[in-house]
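Student: Got my_file.pdb for you, PDB, N, CA and C atoms, pLDDT in the B column:
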```
ATOM      1  N   MET A   1      -7.515  13.470   9.396  1.00 56.00           N
ATOM      2  CA  MET A   1      -6.631  12.777   8.504  1.00 56.00           C
ATOM      3  C   MET A   1      -5.405  12.305   9.288  1.00 56.00           C
ATOM      4  N   LYS A   2      -5.044  11.024   9.112  1.00 67.00           N
ATOM      5  CA  LYS A   2      -3.883  10.481   9.802  1.00 67.00           C
ATOM      6  C   LYS A   2      -2.601  10.912   9.108  1.00 67.00           C
ATOM      7  N   SER A   3      -1.572  11.088   9.908  1.00 72.00           N
ATOM      8  CA  SER A   3      -0.270  11.406   9.338  1.00 72.00           C
ATOM      9  C   SER A   3       0.482  10.103   9.084  1.00 72.00           C
ATOM     10  N   LEU A   4       1.538  10.185   8.301  1.00 71.00           N
ATOM     11  CA  LEU A   4       2.352   9.001   8.031  1.00 71.00           C
ATOM     12  C   LEU A   4       2.950   8.447   9.313  1.00 71.00           C
ATOM     13  N   ILE A   5       3.273   9.302  10.260  1.00 76.00           N
ATOM     14  CA  ILE A   5       3.824   8.858  11.540  1.00 76.00           C
ATOM     15  C   ILE A   5       2.791   8.016  12.289  1.00 76.00           C
ATOM     16  N   GLU A   6       1.522   8.437  12.275  1.00 80.00           N
ATOM     17  CA  GLU A   6       0.466   7.675  12.945  1.00 80.00           C
ATOM     18  C   GLU A   6       0.268   6.307  12.310  1.00 80.00           C
ATOM     19  N   TRP A   7       0.552   6.169  11.007  1.00 72.00           N
ATOM     20  CA  TRP A   7       0.454   4.880  10.315  1.00 72.00           C
ATOM     21  C   TRP A   7       1.707   4.042  10.507  1.00 72.00           C
ATOM     22  N   GLY A   8       2.723   4.617  11.149  1.00 78.00           N
ATOM     23  CA  GLY A   8       3.963   3.887  11.369  1.00 78.00           C
ATOM     24  C   GLY A   8       4.900   3.883  10.170  1.00 78.00           C
ATOM     25  N   VAL A   9       4.708   4.817   9.239  1.00 75.00           N
ATOM     26  CA  VAL A   9       5.567   4.906   8.063  1.00 75.00           C
ATOM     27  C   VAL A   9       6.815   5.689   8.430  1.00 75.00           C
ATOM     28  N   GLN A  10       7.962   5.104   8.121  1.00 77.00           N
ATOM     29  CA  GLN A  10       9.228   5.771   8.399  1.00 77.00           C
ATOM     30  C   GLN A  10       9.848   6.241   7.088  1.00 77.00           C
ATOM     31  N   ASN A  11      10.357   7.427   7.086  1.00 76.00           N
ATOM     32  CA  ASN A  11      11.021   7.973   5.915  1.00 76.00           C
ATOM     33  C   ASN A  11      12.436   7.418   5.845  1.00 76.00           C
ATOM     34  N   CYS A  12      12.800   6.930   4.688  1.00 74.00           N
ATOM     35  CA  CYS A  12      14.181   6.488   4.497  1.00 74.00           C
ATOM     36  C   CYS A  12      14.586   6.807   3.063  1.00 74.00           C
ATOM     37  N   ASN A  13      15.842   6.980   2.853  1.00 73.00           N
ATOM     38  CA  ASN A  13      16.365   7.310   1.530  1.00 73.00           C
ATOM     39  C   ASN A  13      17.212   6.155   1.033  1.00 73.00           C
ATOM     40  N   MET A  14      16.949   5.739  -0.194  1.00 70.00           N
ATOM     41  CA  MET A  14      17.720   4.677  -0.824  1.00 70.00           C
ATOM     42  C   MET A  14      18.834   5.309  -1.657  1.00 70.00           C
ATOM     43  N   PRO A  15      19.944   4.625  -1.781  1.00 71.00           N
ATOM     44  CA  PRO A  15      20.989   5.142  -2.667  1.00 71.00           C
ATOM     45  C   PRO A  15      20.462   5.247  -4.096  1.00 71.00           C
ATOM     46  N   THR A  16      20.769   6.337  -4.772  1.00 69.00           N
ATOM     47  CA  THR A  16      20.235   6.563  -6.108  1.00 69.00           C
ATOM     48  C   THR A  16      20.757   5.576  -7.135  1.00 69.00           C
ATOM     49  N   TYR A  17      21.875   4.953  -6.902  1.00 69.00           N
ATOM     50  CA  TYR A  17      22.450   4.014  -7.858  1.00 69.00           C
ATOM     51  C   TYR A  17      21.876   2.608  -7.722  1.00 69.00           C
ATOM     52  N   LEU A  18      21.060   2.347  -6.717  1.00 67.00           N
ATOM     53  CA  LEU A  18      20.444   1.031  -6.540  1.00 67.00           C
ATOM     54  C   LEU A  18      18.975   1.100  -6.961  1.00 67.00           C
ATOM     55  N   THR A  19      18.740   0.998  -8.243  1.00 67.00           N
ATOM     56  CA  THR A  19      17.370   1.146  -8.747  1.00 67.00           C
ATOM     57  C   THR A  19      16.452   0.035  -8.261  1.00 67.00           C
ATOM     58  N   GLN A  20      16.981  -1.159  -8.001  1.00 69.00           N
ATOM     59  CA  GLN A  20      16.124  -2.248  -7.530  1.00 69.00           C
ATOM     60  C   GLN A  20      15.576  -1.999  -6.128  1.00 69.00           C
ATOM     61  N   SER A  21      16.162  -1.077  -5.381  1.00 66.00           N
ATOM     62  CA  SER A  21      15.668  -0.743  -4.050  1.00 66.00           C
ATOM     63  C   SER A  21      14.269  -0.145  -4.105  1.00 66.00           C
ATOM     64  N   ASN A  22      13.960   0.493  -5.204  1.00 74.00           N
ATOM     65  CA  ASN A  22      12.692   1.178  -5.350  1.00 74.00           C
ATOM     66  C   ASN A  22      11.585   0.261  -5.879  1.00 74.00           C
ATOM     67  N   VAL A  23      11.931  -0.929  -6.324  1.00 78.00           N
ATOM     68  CA  VAL A  23      10.965  -1.826  -6.968  1.00 78.00           C
ATOM     69  C   VAL A  23       9.813  -2.185  -6.041  1.00 78.00           C
ATOM     70  N   LEU A  24      10.073  -2.478  -4.784  1.00 74.00           N
ATOM     71  CA  LEU A  24       9.012  -2.857  -3.857  1.00 74.00           C
ATOM     72  C   LEU A  24       8.023  -1.716  -3.648  1.00 74.00           C
ATOM     73  N   CYS A  25       8.533  -0.505  -3.519  1.00 77.00           N
ATOM     74  CA  CYS A  25       7.649   0.654  -3.343  1.00 77.00           C
ATOM     75  C   CYS A  25       6.779   0.872  -4.573  1.00 77.00           C
ATOM     76  N   VAL A  26       7.387   0.814  -5.739  1.00 81.00           N
ATOM     77  CA  VAL A  26       6.635   1.010  -6.976  1.00 81.00           C
ATOM     78  C   VAL A  26       5.573  -0.075  -7.130  1.00 81.00           C
ATOM     79  N   SER A  27       5.915  -1.299  -6.821  1.00 81.00           N
ATOM     80  CA  SER A  27       4.964  -2.403  -6.922  1.00 81.00           C
ATOM     81  C   SER A  27       3.770  -2.202  -5.992  1.00 81.00           C
ATOM     82  N   LEU A  28       4.032  -1.813  -4.762  1.00 81.00           N
ATOM     83  CA  LEU A  28       2.942  -1.573  -3.815  1.00 81.00           C
ATOM     84  C   LEU A  28       2.037  -0.438  -4.282  1.00 81.00           C
ATOM     85  N   ILE A  29       2.631   0.646  -4.727  1.00 84.00           N
ATOM     86  CA  ILE A  29       1.829   1.788  -5.183  1.00 84.00           C
ATOM     87  C   ILE A  29       0.996   1.409  -6.405  1.00 84.00           C
ATOM     88  N   GLU A  30       1.584   0.680  -7.346  1.00 88.00           N
ATOM     89  CA  GLU A  30       0.832   0.254  -8.533  1.00 88.00           C
ATOM     90  C   GLU A  30      -0.319  -0.677  -8.146  1.00 88.00           C
ATOM     91  N   THR A  31      -0.090  -1.572  -7.200  1.00 84.00           N
ATOM     92  CA  THR A  31      -1.157  -2.458  -6.733  1.00 84.00           C
ATOM     93  C   THR A  31      -2.288  -1.659  -6.107  1.00 84.00           C
ATOM     94  N   PHE A  32      -1.958  -0.707  -5.260  1.00 83.00           N
ATOM     95  CA  PHE A  32      -2.992   0.120  -4.631  1.00 83.00           C
ATOM     96  C   PHE A  32      -3.775   0.911  -5.664  1.00 83.00           C
ATOM     97  N   LYS A  33      -3.080   1.483  -6.631  1.00 86.00           N
ATOM     98  CA  LYS A  33      -3.784   2.244  -7.662  1.00 86.00           C
ATOM     99  C   LYS A  33      -4.697   1.339  -8.470  1.00 86.00           C
ATOM    100  N   ARG A  34      -4.198   0.191  -8.901  1.00 87.00           N
ATOM    101  CA  ARG A  34      -4.971  -0.725  -9.742  1.00 87.00           C
ATOM    102  C   ARG A  34      -6.157  -1.334  -8.998  1.00 87.00           C
ATOM    103  N   GLU A  35      -5.939  -1.809  -7.783  1.00 84.00           N
ATOM    104  CA  GLU A  35      -6.963  -2.580  -7.082  1.00 84.00           C
ATOM    105  C   GLU A  35      -7.874  -1.749  -6.187  1.00 84.00           C
ATOM    106  N   TYR A  36      -7.463  -0.567  -5.826  1.00 84.00           N
ATOM    107  CA  TYR A  36      -8.263   0.226  -4.903  1.00 84.00           C
ATOM    108  C   TYR A  36      -8.661   1.585  -5.484  1.00 84.00           C
ATOM    109  N   VAL A  37      -7.692   2.396  -5.862  1.00 82.00           N
ATOM    110  CA  VAL A  37      -7.989   3.760  -6.301  1.00 82.00           C
ATOM    111  C   VAL A  37      -8.812   3.759  -7.581  1.00 82.00           C
ATOM    112  N   PHE A  38      -8.353   3.032  -8.613  1.00 84.00           N
ATOM    113  CA  PHE A  38      -9.044   3.049  -9.901  1.00 84.00           C
ATOM    114  C   PHE A  38     -10.389   2.334  -9.846  1.00 84.00           C
ATOM    115  N   GLU A  39     -10.602   1.473  -8.860  1.00 82.00           N
ATOM    116  CA  GLU A  39     -11.852   0.729  -8.735  1.00 82.00           C
ATOM    117  C   GLU A  39     -12.895   1.461  -7.886  1.00 82.00           C
ATOM    118  N   SER A  40     -12.534   2.575  -7.316  1.00 82.00           N
ATOM    119  CA  SER A  40     -13.424   3.307  -6.417  1.00 82.00           C
ATOM    120  C   SER A  40     -13.972   4.560  -7.091  1.00 82.00           C
ATOM    121  N   CYS A  41     -15.135   4.966  -6.656  1.00 78.00           N
ATOM    122  CA  CYS A  41     -15.715   6.232  -7.125  1.00 78.00           C
ATOM    123  C   CYS A  41     -15.222   7.335  -6.192  1.00 78.00           C
ATOM    124  N   LEU A  42     -14.210   8.030  -6.640  1.00 78.00           N
ATOM    125  CA  LEU A  42     -13.576   9.050  -5.813  1.00 78.00           C
ATOM    126  C   LEU A  42     -13.727  10.401  -6.490  1.00 78.00           C
ATOM    127  N   GLU A  43     -14.282  11.345  -5.760  1.00 81.00           N
ATOM    128  CA  GLU A  43     -14.583  12.638  -6.348  1.00 81.00           C
ATOM    129  C   GLU A  43     -13.500  13.685  -6.123  1.00 81.00           C
ATOM    130  N   ASN A  44     -12.664  13.471  -5.105  1.00 82.00           N
ATOM    131  CA  ASN A  44     -11.657  14.474  -4.790  1.00 82.00           C
ATOM    132  C   ASN A  44     -10.533  13.825  -3.976  1.00 82.00           C
ATOM    133  N   PRO A  45      -9.408  14.503  -3.815  1.00 79.00           N
ATOM    134  CA  PRO A  45      -8.293  13.930  -3.052  1.00 79.00           C
ATOM    135  C   PRO A  45      -8.658  13.555  -1.617  1.00 79.00           C
ATOM    136  N   GLU A  46      -9.554  14.303  -1.005  1.00 82.00           N
ATOM    137  CA  GLU A  46      -9.952  13.999   0.374  1.00 82.00           C
ATOM    138  C   GLU A  46     -10.618  12.628   0.471  1.00 82.00           C
ATOM    139  N   SER A  47     -11.388  12.247  -0.546  1.00 82.00           N
ATOM    140  CA  SER A  47     -12.042  10.937  -0.507  1.00 82.00           C
ATOM    141  C   SER A  47     -11.017   9.815  -0.618  1.00 82.00           C
ATOM    142  N   VAL A  48      -9.918  10.049  -1.341  1.00 81.00           N
ATOM    143  CA  VAL A  48      -8.830   9.060  -1.391  1.00 81.00           C
ATOM    144  C   VAL A  48      -8.214   8.926  -0.009  1.00 81.00           C
ATOM    145  N   ILE A  49      -7.905  10.040   0.623  1.00 82.00           N
ATOM    146  CA  ILE A  49      -7.298  10.028   1.955  1.00 82.00           C
ATOM    147  C   ILE A  49      -8.203   9.325   2.957  1.00 82.00           C
ATOM    148  N   ASP A  50      -9.506   9.548   2.851  1.00 85.00           N
ATOM    149  CA  ASP A  50     -10.455   8.913   3.763  1.00 85.00           C
ATOM    150  C   ASP A  50     -10.467   7.400   3.632  1.00 85.00           C
ATOM    151  N   HIS A  51     -10.109   6.867   2.471  1.00 85.00           N
ATOM    152  CA  HIS A  51     -10.175   5.425   2.232  1.00 85.00           C
ATOM    153  C   HIS A  51      -8.850   4.692   2.442  1.00 85.00           C
ATOM    154  N   ILE A  52      -7.750   5.404   2.570  1.00 85.00           N
ATOM    155  CA  ILE A  52      -6.436   4.751   2.614  1.00 85.00           C
ATOM    156  C   ILE A  52      -6.340   3.723   3.731  1.00 85.00           C
ATOM    157  N   GLN A  53      -6.740   4.050   4.943  1.00 87.00           N
ATOM    158  CA  GLN A  53      -6.619   3.095   6.046  1.00 87.00           C
ATOM    159  C   GLN A  53      -7.457   1.842   5.793  1.00 87.00           C
ATOM    160  N   GLU A  54      -8.640   2.009   5.267  1.00 88.00           N
ATOM    161  CA  GLU A  54      -9.502   0.874   4.913  1.00 88.00           C
ATOM    162  C   GLU A  54      -8.808  -0.026   3.882  1.00 88.00           C
ATOM    163  N   TRP A  55      -8.195   0.583   2.862  1.00 87.00           N
ATOM    164  CA  TRP A  55      -7.501  -0.189   1.837  1.00 87.00           C
ATOM    165  C   TRP A  55      -6.287  -0.918   2.406  1.00 87.00           C
ATOM    166  N   VAL A  56      -5.533  -0.271   3.270  1.00 87.00           N
ATOM    167  CA  VAL A  56      -4.362  -0.904   3.892  1.00 87.00           C
ATOM    168  C   VAL A  56      -4.813  -2.100   4.731  1.00 87.00           C
ATOM    169  N   ASP A  57      -5.884  -1.936   5.494  1.00 90.00           N
ATOM    170  CA  ASP A  57      -6.391  -3.037   6.309  1.00 90.00           C
ATOM    171  C   ASP A  57      -6.829  -4.215   5.438  1.00 90.00           C
ATOM    172  N   GLU A  58      -7.498  -3.921   4.327  1.00 87.00           N
ATOM    173  CA  GLU A  58      -7.924  -4.987   3.417  1.00 87.00           C
ATOM    174  C   GLU A  58      -6.720  -5.666   2.765  1.00 87.00           C
ATOM    175  N   TYR A  59      -5.763  -4.879   2.324  1.00 84.00           N
ATOM    176  CA  TYR A  59      -4.554  -5.401   1.679  1.00 84.00           C
ATOM    177  C   TYR A  59      -3.800  -6.339   2.619  1.00 84.00           C
ATOM    178  N   ASN A  60      -3.704  -5.963   3.884  1.00 86.00           N
ATOM    179  CA  ASN A  60      -2.960  -6.764   4.860  1.00 86.00           C
ATOM    180  C   ASN A  60      -3.778  -7.891   5.470  1.00 86.00           C
ATOM    181  N   GLY A  61      -5.108  -7.759   5.485  1.00 88.00           N
ATOM    182  CA  GLY A  61      -5.921  -8.730   6.200  1.00 88.00           C
ATOM    183  C   GLY A  61      -6.737  -9.684   5.365  1.00 88.00           C
ATOM    184  N   TYR A  62      -6.987  -9.344   4.102  1.00 86.00           N
ATOM    185  CA  TYR A  62      -7.885 -10.182   3.308  1.00 86.00           C
ATOM    186  C   TYR A  62      -7.320 -10.603   1.958  1.00 86.00           C
ATOM    187  N   ALA A  63      -6.535  -9.756   1.337  1.00 81.00           N
ATOM    188  CA  ALA A  63      -6.055 -10.030  -0.019  1.00 81.00           C
ATOM    189  C   ALA A  63      -4.891 -11.016  -0.004  1.00 81.00           C
ATOM    190  N   PRO A  64      -5.022 -12.157  -0.698  1.00 86.00           N
ATOM    191  CA  PRO A  64      -3.900 -13.100  -0.770  1.00 86.00           C
ATOM    192  C   PRO A  64      -2.799 -12.556  -1.686  1.00 86.00           C
ATOM    193  N   HIS A  65      -1.571 -12.889  -1.364  1.00 81.00           N
ATOM    194  CA  HIS A  65      -0.412 -12.432  -2.125  1.00 81.00           C
ATOM    195  C   HIS A  65       0.342 -13.642  -2.665  1.00 81.00           C
ATOM    196  N   SER A  66       0.617 -13.647  -3.945  1.00 85.00           N
ATOM    197  CA  SER A  66       1.322 -14.783  -4.547  1.00 85.00           C
ATOM    198  C   SER A  66       2.720 -14.956  -3.943  1.00 85.00           C
ATOM    199  N   ALA A  67       3.377 -13.864  -3.600  1.00 82.00           N
ATOM    200  CA  ALA A  67       4.718 -13.947  -3.012  1.00 82.00           C
ATOM    201  C   ALA A  67       4.702 -14.508  -1.589  1.00 82.00           C
ATOM    202  N   LEU A  68       3.517 -14.564  -0.968  1.00 88.00           N
ATOM    203  CA  LEU A  68       3.382 -15.086   0.401  1.00 88.00           C
ATOM    204  C   LEU A  68       2.629 -16.404   0.409  1.00 88.00           C
ATOM    205  N   MET A  69       2.792 -17.196  -0.655  1.00 90.00           N
ATOM    206  CA  MET A  69       2.133 -18.507  -0.775  1.00 90.00           C
ATOM    207  C   MET A  69       0.620 -18.388  -0.651  1.00 90.00           C
ATOM    208  N   MET A  70       0.063 -17.353  -1.281  1.00 91.00           N
ATOM    209  CA  MET A  70      -1.369 -17.077  -1.317  1.00 91.00           C
ATOM    210  C   MET A  70      -1.991 -16.845   0.058  1.00 91.00           C
ATOM    211  N   MET A  71      -1.174 -16.372   0.988  1.00 91.00           N
ATOM    212  CA  MET A  71      -1.686 -15.931   2.284  1.00 91.00           C
ATOM    213  C   MET A  71      -1.673 -14.407   2.286  1.00 91.00           C
ATOM    214  N   ASN A  72      -2.476 -13.824   3.160  1.00 87.00           N
ATOM    215  CA  ASN A  72      -2.391 -12.379   3.307  1.00 87.00           C
ATOM    216  C   ASN A  72      -1.248 -12.075   4.293  1.00 87.00           C
ATOM    217  N   PRO A  73      -0.739 -10.844   4.321  1.00 87.00           N
ATOM    218  CA  PRO A  73       0.376 -10.524   5.201  1.00 87.00           C
ATOM    219  C   PRO A  73       0.124 -10.825   6.669  1.00 87.00           C
ATOM    220  N   ASN A  74      -1.102 -10.611   7.147  1.00 89.00           N
ATOM    221  CA  ASN A  74      -1.400 -10.907   8.557  1.00 89.00           C
ATOM    222  C   ASN A  74      -1.231 -12.397   8.854  1.00 89.00           C
ATOM    223  N   GLU A  75      -1.659 -13.249   7.952  1.00 91.00           N
ATOM    224  CA  GLU A  75      -1.495 -14.702   8.148  1.00 91.00           C
ATOM    225  C   GLU A  75      -0.038 -15.106   8.065  1.00 91.00           C
ATOM    226  N   TYR A  76       0.673 -14.555   7.090  1.00 90.00           N
ATOM    227  CA  TYR A  76       2.053 -14.947   6.843  1.00 90.00           C
ATOM    228  C   TYR A  76       2.977 -14.543   7.976  1.00 90.00           C
ATOM    229  N   TYR A  77       2.820 -13.298   8.456  1.00 85.00           N
ATOM    230  CA  TYR A  77       3.724 -12.806   9.483  1.00 85.00           C
ATOM    231  C   TYR A  77       3.186 -13.074  10.863  1.00 85.00           C
TER     232      TYR A  77
END
```
Represent the structure of the file as structure tokens.

Tutor:
Amino acid sequence: MKSLIEWGVQNCNMPTYLTQSNVLCVSLIETFKREYVFESCLENPESVIDHIQEWVDEYNGYAPHSALMMMNPNEYY
């Protein structure tokens, strides 16, 4: 199982009074749950962990994003 450090995730804390700071995180998590987790046949937490990297690669490499002019993040950046 990969750690968050191996995925390049950095821990940061947002000020508690800036609720809009959390909107991007909530949106990403809701998208992953809706489009990947709920659509998969997952029997246990380990099966979710096993699929996370695959889902991240698909999200960044194949799925178009309306906020990125219908390009995927790899194309846009």

Student: Would you be able to write out as a list in words which residues have an atom within 10 Å of (0.6, -10.5, 4.8) in the file's coordinates, counting only C-alpha atoms?

Tutor: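 Checking each residue against the 10 Å limit leaves Tyr59, Asn60, Gly61, Tyr62, Ala63, Pro64, His65, Ala67, Leu68, Met69, Met70, Met71, Asn72, Pro73, Asn74, Glu75, Tyr76 and Tyr77 of chain A.
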
Student: Atom C of Ser27 in chain A to atom C of Glu54 in chain A: how many Å, to one decimal?

Tutor: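 Between atom C of Ser27 in chain A and atom C of Glu54 in chain A the gap works out to 16.1 Å.
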
Student: Among the residues of chain A, find those DSSP assigns to helix (DSSP H, G or I) from the backbone and print them as a PyMOL selection string.

Tutor: chain A and resi 19-37+45-61+66-68+73-76

Student: What lies within 12 Å of Val37 in chain A using only C-alpha atoms, ignoring chain neighbours under 6 positions off, as a list in words?

Tutor: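 Answer for this query is Ile29, Glu30, Thr31, Glu43, Asn44, Pro45, Ser47, Val48, Ile49, Asp50, His51, Ile52, Glu54, Trp55 and Val56 of chain A.
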
Student: Would you mind reading off the distance between CA of Phe32 in chain A and CA of Glu58 in chain A, one decimal, in Å?

Tutor: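 Between CA of Phe32 in chain A and CA of Glu58 in chain A the gap works out to 10.7 Å.
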
Student: Show which residues sit within 10 Å of Trp7 in chain A, as a PyMOL selection string. Count only C-alpha atoms, and ignore same-chain residues fewer than 3 positions away.

Tutor: chain A and resi 2-4+10+53+56

Student: Would you work out the distance separating CA of Cys25 in chain A from CA of Cys41 in chain A, expressed in Å to one decimal?

Tutor: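 Here the two named atoms are 24.3 Å from each other.
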
Student: Grab all the atoms of range 42-58 of chain A that the file lists, wrap them in a box along x, y and z, add 6 Å per side, and give me centre plus edge lengths in Å (one decimal) as JSON.

Tutor:
```
{"center_x": -9.5, "center_y": 4.4, "center_z": -0.2, "size_x": 22.2, "size_y": 32.2, "size_z": 24.9}
```
